[in-house]
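Novice: Pasting a structure here, questions to come.
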Amino acid sequence: MPSQKRYVVLVPAPLQGHITPILQLGTILESRGFSIIVAHSDYNAPDPKNHPSFSFLSLSDDEVASYDKSFQNMLMVLVAMNKKYRAKFRDYLVDHMIQNKVEVEVEDEDEDADGVSSGRCVIIYDRIMYCADEVAKELKIPSIVMRPYSSAYELSRKIVLHLKEVGCLPLPETQIEDMVPELQPFRYKDLPFPQFTTLAMTTSTNNDGIPEAVTKFWEVTHSNGSSQAVIWNTMEEIESEKTLSVLEQYYQIPFFCIAPIHKMAPQSLKTSLLQEDNSCVEWLDKQSPNSVLYVSLGSIATMNENELIETAWGLAKSEVPFLWVIRKWPNDMMKGNVKLPDHFEEIIGERGKIVVWAPQKEVLAHSAVGGFWSHCGWNSTMESISEGVPMICKPSFSDQRINARYVTDIWKVGLQLERSFDRGDVETIVRRLMMDGVEGNAIRKRALDFNYKFEVSMQKGGCSYESLDKFTEFISSLYM
Ligand code: UDX
């Protein structure tokens, strides 16, 4: 039989922190002989110019396009996307298989009216886009879930769902500092309760603090549907003891840990949804080694007026050079009409640089960068520690408190800024991390050890290297 193309259809969730790792995986798979198709939403669509050899399928829908896409409304938007995109995705897959002369075998009506058997296509999807798996199941196409975050986070969601099921929510305030028995050394306050803080949760008008829509979405996305494997952007060595094995036992499908995925993909690959401002790299070129604090809250997290003003003056008072990403429309980092203090940029002069969006991976790999003030999204965390850059953690929501606990208390490669802070706190924490001193030096040393750990894992014989090879074998077997 002539060799046939092996298609991988990627279905990313339309959020920067989810699109990036799946496109990185696609690029790696392409270099291993697979043909990549990306089925995407028009909202936060990847730029085809950055992936000239990929094919793209827009799953646009007029009704979804008209929805308010603010963070507060995102859950509803994601649920609607799953509902509306399903039929289009299915029709596309059937047409695609027929056009590409891939074995398409519509089974007897009696057996399964719409069944299509194809060994020449595999779907890899972000579990947020669970409709992809519904279609995969219907068409009998193998599917694989990509979870672009830590296994500790997934386990923490399982624990929250369980606490809800057994009626233990809301937690009494006296319990939030306690360690979670199934997830030590994490504490209840680190768990990803949908509200931004456990305290807010206790004052929620909902009985147990978790809205039904969130519970439903979590139940679906926590499961793996009919998928045959899970890909994680993580490594067993960095995860808290047993989180991966507990989940693997629970899910009963193979896990592949491919991390740090951004370093295993070609370094020239661009995945930013916003225009990167490269002038900050020229500015970094003029700074001394390890002197600059990079400040960025990823693509979604925001600051209120007080946080922004206190951060600005704290950075100013610290006397540490800084590169600060302040996003503007359409994903404004500042809530409402918040502005930097008058004349702030003049006051700071050459010591500070503010951009709307940075080439973050390049920034973190730059020798001038000595620290990263981050919201602790998983990509930012992996990008930072894999470069040996220590962190100041200011987590907001979802997995970020779990990630911050990893950074500060488990890996000990960073410091945590408390939830409510003023300019004095900022000045102190920045100096503690960035200036020469016993504490800062020890943190920096441990961060460099992480850089080494990741480098080893990606070399032949290393765990990520081997895991990628095993994954390639596994996915290849699905085409037989
Ligand atoms: C979201 C969630 O918020 C996060 O908690 C989860 O782990 C992944 O999905 P986001 O908040 O955007 O992601 O954070 P993060 O995971 O850090 O991803 C942000 C990405 O944007 C990173 O890959 C980072 O390199 C990139 N980025 C950020 C830039 O390229 N330039 C910037 O200026 C800022």
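Ordering of the structure tokens sets the chain letters (A, B, ...); residue numbers start at 1 within each chain; ligands are numbered from 1 in the order shown.
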Which residues, written as a count of residues only, have at least one atom at most 8 Å from A:Leu273, with only C-alpha atoms counted and residues fewer than 2 positions away on the same chain left out?
Specialist: 7
Novice: Neighbours of stretch 54-63 of chain A within 6 Å (only C-alpha atoms; same-chain residues fewer than 2 positions away dropped), as a ChimeraX atom specification?
Specialist: /A:36-42,51-52,65-66,85
Novice: Need the shell around A:Leu323: protein/DNA/RNA residues with any atom at most 6 Å away, counting only C-alpha atoms. Skip same-chain ones fewer than 2 positions apart. Format as a PyMOL selection string?
Specialist: chain A and resi 294+352-354
Novice: Could those selected residues go to a file with C-alpha atoms, as a short mmCIF file (atom, residue, chain, number, x, y, z; two decimals), in the first residue's frame?
Specialist:
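Printed below is again.cif as written:
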data_model
loop_
_atom_site.label_atom_id
_atom_site.label_comp_id
_atom_site.auth_asym_id
_atom_site.auth_seq_id
_atom_site.Cartn_x
_atom_site.Cartn_y
_atom_site.Cartn_z
CA TYR A 294 10.68 41.26 33.92
CA GLY A 352 12.42 51.07 33.03
CA LYS A 353 10.84 49.92 29.79
CA ILE A 354 7.10 49.44 29.32
#
Novice: Could you work out how far atom CA of A:Glu134 lies from atom CA of A:Thr221, giving the answer in Å with one decimal?
Specialist: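 According to the coordinates, atom CA of A:Thr221 and atom CA of A:Glu134 are separated by 12.4 Å.
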Novice: Please identify every polymer residue within 7 Å of ligand 1, using only C-alpha atoms and all ligand atoms, and present the set as an MDAnalysis selection string.
Specialist: chainID A and resid 15:18 20 148:149 272 276 296:301 325 356:361 376:381 383 397:400
Novice: Those residues with N, CA and C atoms, as an mmCIF file, in the first residue's frame please?
Specialist:
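And here's selection10.cif as it stands now:
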data_model
loop_
_atom_site.group_PDB
_atom_site.id
_atom_site.type_symbol
_atom_site.label_atom_id
_atom_site.label_comp_id
_atom_site.auth_asym_id
_atom_site.auth_seq_id
_atom_site.Cartn_x
_atom_site.Cartn_y
_atom_site.Cartn_z
ATOM 1 N N LEU A 15 -7.376 30.526 23.905
ATOM 2 C CA LEU A 15 -6.728 31.355 24.930
ATOM 3 C C LEU A 15 -5.219 31.240 24.703
ATOM 4 N N GLN A 16 -4.503 32.346 24.823
ATOM 5 C CA GLN A 16 -3.069 32.345 24.505
ATOM 6 C C GLN A 16 -2.311 31.207 25.211
ATOM 7 N N GLY A 17 -2.581 31.038 26.516
ATOM 8 C CA GLY A 17 -1.841 30.051 27.292
ATOM 9 C C GLY A 17 -2.168 28.613 26.891
ATOM 10 N N HIS A 18 -3.213 28.427 26.110
ATOM 11 C CA HIS A 18 -3.593 27.084 25.646
ATOM 12 C C HIS A 18 -3.206 26.877 24.176
ATOM 13 N N THR A 20 -0.638 28.288 22.565
ATOM 14 C CA THR A 20 0.818 28.191 22.397
ATOM 15 C C THR A 20 1.323 26.749 22.522
ATOM 16 N N PRO A 148 -2.431 21.554 29.125
ATOM 17 C CA PRO A 148 -1.241 22.402 29.160
ATOM 18 C C PRO A 148 -0.977 23.013 30.539
ATOM 19 N N TYR A 149 -1.075 22.189 31.573
ATOM 20 C CA TYR A 149 -0.835 22.689 32.933
ATOM 21 C C TYR A 149 -0.325 21.534 33.776
ATOM 22 N N SER A 272 2.451 34.119 19.344
ATOM 23 C CA SER A 272 1.756 35.241 20.003
ATOM 24 C C SER A 272 0.524 35.669 19.222
ATOM 25 N N GLU A 276 4.344 41.360 19.019
ATOM 26 C CA GLU A 276 5.440 41.452 19.994
ATOM 27 C C GLU A 276 6.247 42.725 19.749
ATOM 28 N N SER A 296 5.252 40.629 34.103
ATOM 29 C CA SER A 296 4.178 40.356 33.137
ATOM 30 C C SER A 296 3.147 39.418 33.749
ATOM 31 N N LEU A 297 1.892 39.694 33.455
ATOM 32 C CA LEU A 297 0.805 38.879 34.020
ATOM 33 C C LEU A 297 0.134 38.003 32.977
ATOM 34 N N GLY A 298 0.879 37.606 31.927
ATOM 35 C CA GLY A 298 0.302 36.712 30.932
ATOM 36 C C GLY A 298 -0.774 37.402 30.115
ATOM 37 N N SER A 299 -1.729 36.628 29.617
ATOM 38 C CA SER A 299 -2.675 37.183 28.644
ATOM 39 C C SER A 299 -4.046 37.523 29.229
ATOM 40 N N ILE A 300 -4.306 37.149 30.488
ATOM 41 C CA ILE A 300 -5.663 37.361 31.014
ATOM 42 C C ILE A 300 -5.678 38.141 32.330
ATOM 43 N N ALA A 301 -4.765 37.835 33.253
ATOM 44 C CA ALA A 301 -4.819 38.423 34.603
ATOM 45 C C ALA A 301 -4.723 39.956 34.532
ATOM 46 N N VAL A 325 5.294 44.522 31.092
ATOM 47 C CA VAL A 325 4.278 44.354 30.039
ATOM 48 C C VAL A 325 2.945 44.852 30.582
ATOM 49 N N VAL A 356 3.562 46.779 25.412
ATOM 50 C CA VAL A 356 2.206 46.210 25.436
ATOM 51 C C VAL A 356 2.264 44.679 25.393
ATOM 52 N N TRP A 357 3.251 44.145 24.725
ATOM 53 C CA TRP A 357 3.407 42.682 24.607
ATOM 54 C C TRP A 357 4.865 42.409 24.239
ATOM 55 N N ALA A 358 5.479 41.488 24.939
ATOM 56 C CA ALA A 358 6.916 41.226 24.732
ATOM 57 C C ALA A 358 7.129 39.861 24.074
ATOM 58 N N PRO A 359 8.270 39.658 23.423
ATOM 59 C CA PRO A 359 8.613 38.296 22.980
ATOM 60 C C PRO A 359 9.119 37.540 24.216
ATOM 61 N N GLN A 360 8.188 37.029 25.021
ATOM 62 C CA GLN A 360 8.528 36.591 26.397
ATOM 63 C C GLN A 360 9.622 35.516 26.466
ATOM 64 N N LYS A 361 9.543 34.551 25.577
ATOM 65 C CA LYS A 361 10.529 33.461 25.673
ATOM 66 C C LYS A 361 11.938 34.005 25.435
ATOM 67 N N CYS A 376 2.046 33.594 37.374
ATOM 68 C CA CYS A 376 2.251 32.145 37.503
ATOM 69 C C CYS A 376 1.293 31.312 36.663
ATOM 70 N N GLY A 377 0.991 31.774 35.452
ATOM 71 C CA GLY A 377 0.377 30.873 34.472
ATOM 72 C C GLY A 377 1.392 29.757 34.235
ATOM 73 N N TRP A 378 0.915 28.591 33.829
ATOM 74 C CA TRP A 378 1.837 27.449 33.723
ATOM 75 C C TRP A 378 2.913 27.680 32.648
ATOM 76 N N ASN A 379 2.517 28.285 31.510
ATOM 77 C CA ASN A 379 3.531 28.525 30.464
ATOM 78 C C ASN A 379 4.609 29.467 30.980
ATOM 79 N N SER A 380 4.180 30.555 31.609
ATOM 80 C CA SER A 380 5.158 31.520 32.132
ATOM 81 C C SER A 380 6.066 30.844 33.152
ATOM 82 N N THR A 381 5.480 30.018 33.995
ATOM 83 C CA THR A 381 6.270 29.342 35.028
ATOM 84 C C THR A 381 7.308 28.424 34.382
ATOM 85 N N GLU A 383 8.438 28.574 31.324
ATOM 86 C CA GLU A 383 9.398 29.368 30.537
ATOM 87 C C GLU A 383 10.447 29.989 31.456
ATOM 88 N N PHE A 397 -5.904 33.420 39.539
ATOM 89 C CA PHE A 397 -7.021 32.483 39.441
ATOM 90 C C PHE A 397 -6.588 31.151 38.817
ATOM 91 N N SER A 398 -7.521 30.266 38.706
ATOM 92 C CA SER A 398 -7.350 28.920 38.126
ATOM 93 C C SER A 398 -6.133 28.226 38.719
ATOM 94 N N ASP A 399 -5.182 27.775 37.900
ATOM 95 C CA ASP A 399 -4.060 26.994 38.435
ATOM 96 C C ASP A 399 -2.974 27.850 39.084
ATOM 97 N N GLN A 400 -3.140 29.158 39.085
ATOM 98 C CA GLN A 400 -2.006 30.025 39.430
ATOM 99 C C GLN A 400 -1.570 29.931 40.893
#
Novice: Determine the nearest neighbour of A:Ala132 from the options A:Ser268, A:Ser227, A:Arg401, A:Leu183, counting only C-alpha atoms.
Specialist: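 When distances to A:Ala132 are compared using only C-alpha atoms, the smallest one comes from A:Ser227.
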Novice: Going by DSSP on the backbone, which residues of stretch 260-476 of chain A come out as alpha helix (DSSP H)? List them as JSON, numbers by chain.
Specialist: {"A": [261, 262, 263, 264, 279, 280, 281, 282, 283, 284, 285, 305, 306, 307, 308, 309, 310, 311, 312, 313, 314, 315, 316, 317, 318, 344, 345, 346, 347, 348, 360, 361, 362, 363, 364, 365, 378, 379, 380, 381, 382, 383, 384, 385, 400, 401, 402, 403, 404, 405, 423, 424, 425, 426, 427, 428, 429, 430, 431, 432, 433, 434, 438, 439, 440, 441, 442, 443, 444, 445, 446, 447, 448, 449, 450, 451, 452, 453, 454, 455, 456, 457, 458, 463, 464, 465, 466, 467, 468, 469, 470, 471, 472, 473, 474, 475, 476]}
Novice: If we count only C-alpha atoms, what is near stretch 244-253 of chain A at a cut-off of 7 Å, once residues fewer than 5 positions away on the same chain are taken out, given as a CSV table (one decimal) with C-alpha atoms, in the first residue's frame?
Specialist:
chain,number,residue,atom,x,y,z
A,151,SER,CA,-0.9,17.4,37.1
A,155,LEU,CA,-5.7,16.7,40.9
A,228,GLN,CA,-6.8,7.3,24.4
A,229,ALA,CA,-3.9,9.3,26.0
A,236,GLU,CA,7.5,13.9,36.8
Novice: Just how far from atom CA of A:Val230 is atom CA of A:Pro192, in Å to one decimal?
Specialist: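 These two atoms are separated by 20.9 Å.
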Novice: Can you tell me how far atom CA of A:Phe255 sits from atom CA of A:Asp190, in Å to one decimal?
Specialist: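 Here the two named atoms are 24.6 Å from each other.
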Novice: Applying 6 Å and only C-alpha atoms, which residues near stretch 137-147 of chain A remain after dropping the ones on its own chain fewer than 5 positions away? List them as a ChimeraX atom specification.
Specialist: /A:115-117,122-127,227-232
Novice: Select from stretch 230-292 of chain A everything DSSP, run on the backbone, classes as strand (DSSP E or B), then give the selection as a list in words.
Specialist: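 Assigned to strand (DSSP E or B), within stretch 230-292 of chain A: Val230, Ile231, Trp232, Phe255, Phe256, Cys257 and Val292 of chain A.
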Novice: Restrict the selected residues to C-alpha atoms and save them as a PDB file, in the first residue's frame.
Specialist:
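out.pdb, written as the output of this step:
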ATOM      1  CA  VAL A 230      -3.040  12.529  27.772  1.00  0.00           C
ATOM      2  CA  ILE A 231      -0.157  14.851  26.936  1.00  0.00           C
ATOM      3  CA  TRP A 232       1.154  17.093  29.724  1.00  0.00           C
ATOM      4  CA  PHE A 255       0.332   9.755  29.980  1.00  0.00           C
ATOM      5  CA  PHE A 256       3.104  11.459  28.027  1.00  0.00           C
ATOM      6  CA  CYS A 257       5.016  14.263  29.776  1.00  0.00           C
ATOM      7  CA  VAL A 292      16.494  43.313  35.047  1.00  0.00           C
TER       8      VAL A 292
END
Novice: Name the residues in contact with A:Leu284 at a cut-off of 12 Å, using only C-alpha atoms, excluding same-chain residues fewer than 2 positions from it; report them as a PyMOL selection string.
Specialist: chain A and resi 278-282+286-294+321-324+350-354+358-359+362-370
Novice: Hey, what's within 6 Å of A:Val413 if we count only C-alpha atoms and toss same-chain stuff fewer than 6 positions away? As an MDAnalysis selection string, please?
Specialist: chainID A and resid 390 407 443 446:447
Novice: Using only C-alpha atoms, pick whichever of A:Asp208, A:Ala265, A:Ile28, A:Ala213 has the shortest atom-to-atom distance to A:Phe471.
Specialist: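 The closest residue to A:Phe471 is A:Ile28.
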Novice: Given only C-alpha atoms as the basis, pick out the residue of A:Ala442, A:Ala80, A:Ile258, A:Val389 nearest to A:Thr472.
Specialist: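 Ranked by minimum distance to A:Thr472, first place goes to A:Ile258.
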